[in-house]
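**Student:** Pasting a structure below so you can have a look.
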Amino acid sequence: MNFHILTLFPEMVMQGLSTSIIGKAIERGLISIEAVNIRDYTTDKHGKVDDYTYGGGAGMLMQAQPVYDAYQAVAGKISGEGIAKNKDENVNSRARVIYVTPQGRTFNQKMAKDFAKEKDLIFLCGHYEGIDERVLEEIVTDYVSIGDYVLTGGELPAMVMIDSISRLVPGVLHNEESATTESFHNDLLEYPQYSRPEVWMGKRVPEILLSGDHAKVDKWRLEQSIERTKRLRPDLYEKWKLRQE
């Protein structure tokens with residue numbers, strides 16, 4: 001799977017995504033991550049990519065031209081022959097472009113699974129007061145947020161989503177079962193887990209986990225997941241309960 005990040009700070013995303021599990025997945029050729037500097041595509045001789053907003057207001061806005069040209073370079077590389085400039089032409093043939101914005105749908109595990117099916121994903125990271133609406137209308141397929149708050153740029157949210165999506169790519173996790181037992185799988189939070197020693201600061205590992213009875217352990221874990229979800233995330237619990245009904 002290939003991730004392409006359109007950004008003004010390529011060093012930030014590459015440094016953040018080149019270690020741990022994601023870094024190893026890159027080394028093994030399971031995923032690739034490319035950070036494209038939008039500033040490299042400006043036609044301004046001073047390297048500017050922003051300007052004042054029409055109608056007034058605080059802050060500067062990223063201009064359409066450098067964003068669009070950076071996108072065209074990536075899209076052309078992906079398709080091998082460029083991409084239709086008319087946004088009404090076969091959108092399904094285009095790589096998905098995720099614009100990271102607090103105005104988008106809130107990212108969740110279901111979306112991560114959906115995105116993980118793609119061969120290529122393009123992330124567009126805004127800065128300042130955002131990006132000229134016209135280029136967003138031309139190229140963006142998905143508006144996605146990681147929560148109801150505002151950050152200084154789209155790089156951190158893009159990194160969060162790439163980390164989450166990458167873990168679902170076959171081979172990235174050494175234990176493939178991990179992705180199907182973690183929080184949010186089946187709308188339940190993950191059950192509590194324990195390691196050695198059996199007793200730590202007077203707290204014992206639950207006896208059921210030492211029993212060797214896998215059926216009873218699975219039943220206990222499900223019960224714990226349900227109880228924990230009901231207590232900590234009643235919204236998820238209600239979703240799970242409805243699906244059971």
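Simple scheme: letters A, B, ... for chains in structure tokens order, numbers from 1 for residues in each chain, numbers from 1 for ligands in the order shown.
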Tell me, counting only C-alpha atoms, for each residue of segment 9-120 of chain A within 9 Å of segment 150-159 of chain A, which pair of atoms is nearest and how far apart they are in Å to one decimal, in rows ordered by chain and increasing number, as CSV.

**Tutor:**
residue,atom,partner,partner_atom,distance
A:Phe9,CA,A:Glu155,CA,7.8
A:Pro10,CA,A:Glu155,CA,8.8
A:Met12,CA,A:Glu155,CA,7.5
A:Val13,CA,A:Glu155,CA,6.4
A:Gly16,CA,A:Met159,CA,7.4
A:Leu17,CA,A:Met159,CA,7.0
A:Ile98,CA,A:Ala158,CA,8.7
A:Tyr99,CA,A:Gly154,CA,8.3
A:Val100,CA,A:Gly154,CA,5.5
A:Thr101,CA,A:Gly154,CA,7.1
A:Pro102,CA,A:Val150,CA,6.6

**Student:** With a distance cut-off of 12 Å and only C-alpha atoms, select the neighbouring residues of Glu227 of chain A, excluding the residue or stretch itself and same-chain residues fewer than 2 positions from it, and output the selection as a list in words.

**Tutor:**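 So, after excluding close chain neighbours, the residues are Leu188, Leu189, Glu190, Tyr191, Pro192, Trp220, Arg221, Leu222, Glu223, Gln224, Ser225, Thr229, Lys230, Arg231, Leu232, Arg233, Pro234, Leu236, Tyr237, Trp240 and Lys241 of chain A.
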
**Student:** Could you tell me which of A:Gly130, A:Gln65, A:Val144, A:Ile165 comes closest to Lys113 of chain A if we count only C-alpha atoms?

**Tutor:**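 Nearest to Lys113 of chain A: A:Ile165.
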
**Student:** Tell me, which residues of segment 92-151 of chain A carry DSSP helix (DSSP H, G or I), written as an NGL selection string?

**Tutor:** :A and (92-93 or 109-115 or 133-139)

**Student:** Keeping C-alpha atoms, export the residues of the selection given above as a CSV table (one decimal), in the first residue's frame.

**Tutor:**
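Once written, selection12.csv looks like this:
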chain,number,residue,atom,x,y,z
A,92,ASN,CA,-14.0,6.0,-9.1
A,93,SER,CA,-10.9,5.7,-11.3
A,109,GLN,CA,-11.9,1.9,12.9
A,110,LYS,CA,-14.5,1.2,10.2
A,111,MET,CA,-13.0,4.0,8.0
A,112,ALA,CA,-9.5,2.7,8.6
A,113,LYS,CA,-10.6,-0.7,7.3
A,114,ASP,CA,-12.2,0.9,4.3
A,115,PHE,CA,-9.1,3.0,3.5
A,133,GLU,CA,-12.1,26.0,-1.7
A,134,ARG,CA,-11.8,25.7,-5.4
A,135,VAL,CA,-9.0,23.2,-5.4
A,136,LEU,CA,-10.7,21.2,-2.7
A,137,GLU,CA,-13.7,20.8,-4.9
A,138,GLU,CA,-11.5,19.6,-7.7
A,139,ILE,CA,-9.4,17.0,-6.0

**Student:** Using DSSP on the backbone, list every residue of segment 139-229 of chain A that comes out as strand (DSSP E), and give them as a list in words.

**Tutor:** Asp142, Tyr143, Val144, Ser145, Val199, Trp200, Lys203 and Arg204 of chain A

**Student:** Save out the residues we just selected, N, CA and C atoms, as a PDB file, in the first residue's frame.

**Tutor:**
ATOM      1  N   ASP A 142     -12.487  12.643   0.150  1.00  0.00           N
ATOM      2  CA  ASP A 142     -12.892  12.349   1.529  1.00  0.00           C
ATOM      3  C   ASP A 142     -12.437  13.478   2.454  1.00  0.00           C
ATOM      4  N   TYR A 143     -13.383  14.032   3.207  1.00  0.00           N
ATOM      5  CA  TYR A 143     -13.069  15.031   4.225  1.00  0.00           C
ATOM      6  C   TYR A 143     -13.095  14.317   5.572  1.00  0.00           C
ATOM      7  N   VAL A 144     -11.955  14.297   6.271  1.00  0.00           N
ATOM      8  CA  VAL A 144     -11.849  13.478   7.484  1.00  0.00           C
ATOM      9  C   VAL A 144     -11.229  14.281   8.627  1.00  0.00           C
ATOM     10  N   SER A 145     -11.789  14.087   9.810  1.00  0.00           N
ATOM     11  CA  SER A 145     -11.291  14.731  11.029  1.00  0.00           C
ATOM     12  C   SER A 145     -10.879  13.662  12.024  1.00  0.00           C
ATOM     13  N   VAL A 199       1.601 -12.004  40.704  1.00  0.00           N
ATOM     14  CA  VAL A 199       1.194 -11.050  41.737  1.00  0.00           C
ATOM     15  C   VAL A 199       2.118  -9.837  41.650  1.00  0.00           C
ATOM     16  N   TRP A 200       1.520  -8.662  41.561  1.00  0.00           N
ATOM     17  CA  TRP A 200       2.303  -7.411  41.505  1.00  0.00           C
ATOM     18  C   TRP A 200       1.621  -6.375  42.380  1.00  0.00           C
ATOM     19  N   LYS A 203      -1.677  -7.261  43.740  1.00  0.00           N
ATOM     20  CA  LYS A 203      -2.761  -7.507  42.781  1.00  0.00           C
ATOM     21  C   LYS A 203      -2.474  -8.790  42.010  1.00  0.00           C
ATOM     22  N   ARG A 204      -3.416  -9.723  42.017  1.00  0.00           N
ATOM     23  CA  ARG A 204      -3.251 -11.013  41.363  1.00  0.00           C
ATOM     24  C   ARG A 204      -3.851 -10.999  39.956  1.00  0.00           C
TER      25      ARG A 204
END

**Student:** I need the residue nearest Gly29 of chain A from this list: A:Val74, A:Ala95, A:Met161, A:Val172. Use only C-alpha atoms for the distance.

**Tutor:**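 For Gly29 of chain A, the nearest of the given residues is A:Val172.
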
**Student:** Could you list, as a ChimeraX atom specification, every residue within 10 Å of Tyr52 of chain A, counting only C-alpha atoms and ignoring same-chain residues fewer than 3 positions away?

**Tutor:** /A:55-63,129

**Student:** Could you dump the residues just selected with N, CA, C and O atoms as a short mmCIF file (atom, residue, chain, number, x, y, z; two decimals), in the first residue's frame?

**Tutor:**
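Here's the written file again.cif:
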data_model
loop_
_atom_site.label_atom_id
_atom_site.label_comp_id
_atom_site.auth_asym_id
_atom_site.auth_seq_id
_atom_site.Cartn_x
_atom_site.Cartn_y
_atom_site.Cartn_z
N GLY A 55 -12.57 38.96 0.89
CA GLY A 55 -13.61 39.25 1.86
C GLY A 55 -13.08 39.60 3.23
O GLY A 55 -13.84 39.89 4.15
N GLY A 56 -11.75 39.55 3.37
CA GLY A 56 -11.14 39.91 4.64
C GLY A 56 -11.15 38.76 5.64
O GLY A 56 -11.64 37.67 5.35
N GLY A 57 -10.60 39.02 6.78
CA GLY A 57 -10.53 37.99 7.82
C GLY A 57 -9.09 37.78 8.26
O GLY A 57 -8.14 38.18 7.58
N ALA A 58 -8.97 37.10 9.38
CA ALA A 58 -7.63 36.88 9.95
C ALA A 58 -6.92 35.75 9.24
O ALA A 58 -7.54 34.80 8.77
N GLY A 59 -5.60 35.86 9.17
CA GLY A 59 -4.79 34.77 8.66
C GLY A 59 -4.70 34.70 7.15
O GLY A 59 -5.36 35.44 6.42
N MET A 60 -3.85 33.77 6.70
CA MET A 60 -3.59 33.56 5.28
C MET A 60 -4.19 32.23 4.84
O MET A 60 -4.48 31.36 5.65
N LEU A 61 -4.35 32.08 3.53
CA LEU A 61 -4.97 30.89 2.97
C LEU A 61 -4.02 30.25 1.95
O LEU A 61 -3.39 30.95 1.16
N MET A 62 -3.90 28.93 1.99
CA MET A 62 -3.08 28.24 1.00
C MET A 62 -3.75 28.35 -0.37
O MET A 62 -4.95 28.15 -0.52
N GLN A 63 -2.96 28.69 -1.38
CA GLN A 63 -3.49 28.93 -2.72
C GLN A 63 -3.76 27.63 -3.47
O GLN A 63 -3.15 26.59 -3.20
N GLU A 129 -5.12 29.33 7.49
CA GLU A 129 -6.58 29.31 7.63
C GLU A 129 -7.22 28.24 6.78
O GLU A 129 -8.45 28.20 6.64
#

**Student:** Here is a test: counting only C-alpha atoms, which residue of A:Arg39, A:Arg94, A:Ile122, A:Asp148 is nearest to Ile162 of chain A?

**Tutor:**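 Closest residue, counting only C-alpha atoms: A:Ile122.
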
**Student:** Considering only C-alpha atoms, can you say which of A:Leu8, A:Phe3, A:Leu242, A:Ser20 comes closest to Ile33 of chain A?

**Tutor:**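 Looking at the shortest contact to Ile33 of chain A, the residue is A:Phe3.
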
**Student:** Kindly give the distance, in Å, that separates atom CA of Asp50 of chain A and atom CA of Val140 of chain A, rounded to a single decimal.

**Tutor:**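 Distance between the two atoms: 19.0 Å.
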
**Student:** For Ile131 of chain A, which residue among A:Ala64, A:Val160, A:Ala116, A:Leu6 is the nearest when counting only C-alpha atoms?

**Tutor:**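 Residue with the minimum atom-to-atom distance to Ile131 of chain A: A:Ala64.
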
**Student:** So how far away is atom CA of His174 of chain A from atom CA of Thr19 of chain A, in Å?

**Tutor:** 15.6 Å

**Student:** Between atom CA of Tyr68 of chain A and atom CA of Glu34 of chain A, what is the spacing in Å?

**Tutor:**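 Distance between the two atoms: 16.8 Å.
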
**Student:** Nearest to His127 of chain A: which of A:Thr42, A:Ser195, A:Thr53, A:Thr7 is it, counting only C-alpha atoms?

**Tutor:**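 Using only C-alpha atoms, the shortest distance to His127 of chain A belongs to A:Thr7.
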